[in-house]
Every structure is written in structure tokens, then in C-alpha cells.
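Asker: The structure follows.
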Amino acid sequence: MEVTDLMKRQRGRVDCERGDQDLAIDPGVDVPPSLDECCSKKDQPAVTAWPGCRIEIFWRARATAEHKDKNAAHSNYRPLIYLYAFGRDILIVNEASAATDLLETKSTLYARRPTWSMVALTGRQDNIAFMDHTDRQKKARVILQAGFNPKAQRSWGPVLEEETTSLMLQMAQSPELFKQHIRRYLGSFITRFTYGTKVEDHELKLGDEISVHTQQALRPGRWLADTVPLVLYLPDWFPGMAFKPWARDARTKFMEYTARPFRQARSSVVRLYVVSYPTYNEHDTKLDGTEMRGMVPDALNDIIAGTSKYKEEELISAASSIYTAAIETTYAVFMDFLILMMAHQDVQEKAYREIMSVTESTRLPLLSDMAALPYVDAVIREVHRFNPVTPMIPRSPMQTDSYKGYRIPKDTWVMFNIWAMTHDASIYRDPHQFTPERHLPLGHESSAKDPRDFTFGFGKRICPGLNLANVQIFLFVSQFLATFEIRPPLKDDGNEEEVVLEYTSSFVSVVSYRVAEMRFYIEPLLRMMCTQHRLIGLGKADLAIISSSSLYNAYRSSAGKSEWKGI
Ligand code: HEM
């Protein structure tokens, strides 16, 4: 059972033993109910746990009082849950106010991630997301934030607009390959942004592989080394040590993926200097400029010229942290959006009409249209809320802490349950309903809290790529809606299938669907129709307006076969 699963589906009976110590509790202060009481009360939301683990449910009385409103049926979460599992203390924080108290008010204390043995074994120790909150980590974050912030967006925003439009065209030409098109679009933009180079197919494949490795490395309970670190000293041939060669392979691939483009960018910067300044040495401060543009070559320029406040190692950390963090999360949001639109045709239609009222069917939406598309923005917020793609944010206090009378020992894995926060009925009425309208102000009622305040994290380690993510999601969503209609697959009797949503329980979570994945993912897009006024542009400089009805006819005549080239 995964922690993410545990938190999303608190069903079934508690399977627990009484622990011999109240590890996280200061005696005499607001003592929680005993385990026997937790396990025997019928009205308790039962918690599924790992066999043999001890479990305490904190603040039962307070939580019960708070959940008395009419949405209480949906609020199955206690504010804090303590688990002892995998040989460590785990505290699950379900309540938004507790997250704010710990991660914003005590932001420095909680600015650390827990340690995973597999992070170092797979070579991710210099990745911003897993490093301690050191000077190097802070500076690497600043490099990323500066690259993605709204000011810098002026340079990459137009490029992203064009690349999104090209993606729409590619998807219209071969809709059955839509997943590959989306991953290539995400991978190619981020590589171009980071290193200033084009992404090759084998690099995309490698990038996908390292993303899978990262997710596997982070799985709680999967690795014996997380629970028994001593096994790290056993030889490979020892029974149960198969994870070691796996980790070595993951590490080699990760190094290949991150070190090679960095070295390439570096040697290109240096080469240029050597040509421009034959007497060049690395400490030459007269150097300026390189033809390669991107976060790494630009920063290297300054570092080599001695005009930067950053070191090369900080840049390496920044650059090597981007790919998995950016691609998997954004891809998951795109997939959630497609599936949710398939399930909610009325929402799709409303958003489409709003877009058409702004673009008047003459062009695809651009970033300058963002403010004029409040319903599209509401749809995006609701997609984030409905299935936060990083449902758990892990942190660990640097020192033993005390919170509302409870002791949280140093090194406890504190898991912030974002899913519970975005499904808290006291913040979002009918949280299990997909309702974009909740994000629009109505009369005197203000709109619901922006779920992105939760889904991008908190405090000192808030996602540094959130501006890029917001911009890219807006472009994808608005251009997709302007171009395509997303419908469920057809059953044998010709009727549309009912859409039943499920979730994957991976570290980055995606809404999935009960029918076989291929059929589910491909069919709705095979049935894409560009209706009369939905037009596709090829990019600003070279705008080709294609009659959408001719696209549709071409599609019909080819009966959706993969060899169809569209236009
Ligand atoms: C929808 C898209 C995204 C979501 C939902 C998302 C969410 C998150 C969350 C929840 C965290 C942990 C924050 C915390 O501990 O409080 C995080 C960290 C991070 N994200 Fe994102 N992210 C997204 C896109 C991106 C993009 C596009 C980039 C880079 C271009 C990025 C780079 C990072 C990095 C480097 C970290 C680690 C920060 C640290 O530990 O200090 N993310 N993200």
C-alpha cells in the first residue's frame, strides 16, 4: 500500500498494533484517543495501513467537531496522522492551515526533504529537489526562478506560443501519436530553454527513462535500503541486492542525460571564446557573448567571464533538476485535462465558446488573451484541484519541533497531503464534483481559494517552475480547446462509453481510466473534429489558415488510419 493510496482511499479496517511509545506526543497535552478506541469506533474513517505498523489518529475530537457541516461526509481526513512505517516516523498533514503553519511560518525549519537512500545511489544527490536547503541549493533555486519568472517570460513566451501551435498541428496530422507529440513538445521546449539545443529522439527516450527511475526511486516502502541502510554495505551477489545494479544503471543514465548536454554547452561557450580571444583562459574577464542561447550557455558565459555571482556547480544543480520536475508534472496536468474534458462535455463546450468569443475564430489563443478568458482559467484551476498531480509533498524538520502540543521529532518524514487539502469540504464545497464555476466570483460570493496555492507547494521550497507551468498549461488548454473536440471512445453498439475516473498511485499522479489505456487515450483524439470555424495557425511568421472542414473531411476519408497525413 502506498502512502498516496493510503491518503486518498481511507477505507477498510485499521490493521494496527499498539505501539510501545507515544513517539510524537507530549504527555498530558491534548492526548489523542487510544488505538483501541480508533480501531473499534464504527464512525471513524477507517485507515488502511501496512500490516504490523502502528498508527495514531490525532485530534479526533477536534476533527469531529470541525467536520459537522453538511459536507462532512466528504471530509474523511484527520488534520494530522502519525504512522510508524519503514522504520521511521511519518506524519501526514492533511489540513491546509497546518501546512501553512509549518511550511510558511516555520519555513526554515521545514525547508529540508527527507533522505531517501536511493537518491544518492541513483545519482540524484545534486538535484535541487532532493538536496538539503544549503547555500548551493538556494542559489540553484535562484537561477531557476530568474529563468522562469514573468520578466524572463518576455523572451521565451513567444517561443512557447509557437511551439504550442506546432503541437496542435502535429496532433491534427497524427492524432494517434498524441502522447508522443506532447512529450516531445514538453521535452524539446525544456531542452531548448535549458541548454539552447534541439532535443534528439534518443535523448527524449533517455529523459523518459530517467523520469521513470526517479519515480521508482522515491516510492515509499519499495526499497529495503530505506528501512535497513546497512544493506548498502552488502555485496551485489548477496540475496536481495538486485537493487544495486539497477541503481547503478539508473545513475549512469542520469549522468549521461544531464552531464553530456552541459559539457556540450560548456565546450561551445569555451570554443567560441578561444576563437574570439586566442589568448583566452578561463579567468579572462574580457569575454562576452556566445551564439548559443539558453539558461546554461547564458549563465556559463557570465561564470567563465567572472561576472556571475553563481558557481558552475550551482548551475549544474539547477540544470539537472529541471527535466523530470517539469515534464512529468506538466504532462500529468495535460492528461488530467484531456480526460476531465472528455468526462465533462458541458464544461468543454462553455470554455470553447468563451475562446471563440475572444478570438472570433480567426486565430489561436495567445498569452495576451489570458486575462480575457476567466472560464478557461477556472477550468485550469479545477483540473489542478480535482487531481493535484503531486498529491504528497515530503519535508523533514531540521530540529525536533513542537506543534500545538505535539512533538515532531527531527528527521520525521512529514508528508503534506495536498490531495486532502484540495478536497477539504470546508474550503471547497462538494469537493468531489468537478465544478470550474467555483473559481469564478458570483454576486457577493468571492471565488474559491486558488488551488495552485497548494499544488505548487509552500515556503522556501515552493516550485520554482510555477510560472512556466502556468503559462504552458494555459497555452495548451486554450489552444487545444480552440482546435479539437474531445469525446469518449465508442462502444461496439455505437454509443459513447461512460467515463469512470481513477487515479494512478505514483509519486506524480494522473487520472486514469478503466478501459485499456491505448483505447482510452487514443480513441477520443481519433475522433477529433475541427468544426467549421476552428482554425490552425502554423506560427506567427508563417501563419497558414487551414480550412478546418477540409481537415475534418480528410480525416473522415482516411477513417482515422495512422498513415493519414491530414493536409
Ligand atoms: C503543473 C506543473 C507542476 C507542478 C504541479 C509542480 C509542483 C511542484 C511541487 C508540489 C513541488 C514541491 C514544492 C514543495 O516542497 O513545497 C515542486 C518542486 C519543484 N519543481 Fe515543480 N511543479 C510543476 C512544474 C515544474 C516545472 C515546469 C519546473 C521547472 C521548469 C519545476 C521545477 C521544480 C523544482 C526544481 C522543484 C524542487 C524545488 C525544491 O525542492 O526546492 N516544476 N514542484
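Identifiers in this document derive from the order of the C-alpha cells: chains are assigned A, B, ..., residues are numbered from 1 separately in each chain, and ligands are numbered from 1 in order of occurrence.
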How close does each residue of chain A get to ligand 1, giving the shortest atom pair and distance in Å to one decimal for every residue with an atom at most 6 Å away, counting only C-alpha atoms and all ligand atoms, sorted by chain and residue number, as a Markdown table?
Answerer:
| residue | atom | partner | partner_atom_place_in_ligand_line | distance |
| --- | --- | --- | --- | --- |
| A:Ile128 | CA | ligand 1 | 40 (O) | 5.3 |
| A:Ala129 | CA | ligand 1 | 40 (O) | 3.4 |
| A:Ser321 | CA | ligand 1 | 35 (C) | 5.1 |
| A:Ile322 | CA | ligand 1 | 29 (C) | 4.8 |
| A:Ala325 | CA | ligand 1 | 31 (C) | 4.6 |
| A:Ala326 | CA | ligand 1 | 26 (C) | 3.5 |
| A:Thr329 | CA | ligand 1 | 2 (C) | 4.6 |
| A:Thr330 | CA | ligand 1 | 2 (C) | 4.2 |
| A:Val333 | CA | ligand 1 | 1 (C) | 5.8 |
| A:Val389 | CA | ligand 1 | 5 (C) | 5.7 |
| A:Thr390 | CA | ligand 1 | 10 (C) | 5.5 |
| A:Ile393 | CA | ligand 1 | 15 (O) | 5.5 |
| A:Thr455 | CA | ligand 1 | 10 (C) | 5.3 |
| A:Phe456 | CA | ligand 1 | 10 (C) | 4.1 |
| A:Gly457 | CA | ligand 1 | 16 (O) | 3.3 |
| A:Phe458 | CA | ligand 1 | 16 (O) | 4.1 |
| A:Arg461 | CA | ligand 1 | 41 (O) | 3.9 |
| A:Ile462 | CA | ligand 1 | 16 (O) | 4.1 |
| A:Cys463 | CA | ligand 1 | 17 (C) | 3.9 |
| A:Pro464 | CA | ligand 1 | 33 (C) | 5.3 |
| A:Gly465 | CA | ligand 1 | 28 (C) | 3.6 |
| A:Leu466 | CA | ligand 1 | 24 (C) | 5.6 |
| A:Leu468 | CA | ligand 1 | 27 (C) | 5.4 |
| A:Ala469 | CA | ligand 1 | 27 (C) | 4.5 |
Asker: Among range 241-454 of chain A, which residues carry a DSSP assignment of strand (DSSP E or B), reported as a ChimeraX atom specification?
Answerer: /A:392-396,401-403,406-408,413-417,442,445
Asker: So which residues of range 448-515 of chain A fall under alpha helix (DSSP H) by DSSP, listed as a ChimeraX atom specification?
Answerer: /A:452-455,466-483
Asker: Kindly indicate which residue among A:Lys491, A:Arg438, A:Tyr185, A:Arg154 lies nearest to Leu167 in chain A, using only C-alpha atoms for the distances.
Answerer: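 Between A:Lys491, A:Arg438, A:Tyr185, A:Arg154, the residue approaching Leu167 in chain A most closely is A:Tyr185.
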Asker: Taking into account only C-alpha atoms, which residue in the set A:Ser308, A:Leu230, A:Met255, A:Ile327 is nearest to Arg184 in chain A?
Answerer: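 Selected residue with least distance to Arg184 in chain A: A:Ile327.
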Asker: Could you check how far CA of Leu206 in chain A sits from CA of Glu328 in chain A, in Å to one decimal?
Answerer: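 Separating CA of Leu206 in chain A from CA of Glu328 in chain A is a distance of 13.6 Å.
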Asker: With distances taken over only C-alpha atoms, which residue among A:Gln215, A:Gln170, A:Thr115, A:Ser268 lies nearest Pro394 in chain A?
Answerer: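 That would be A:Thr115, the residue with the smallest distance to Pro394 in chain A.
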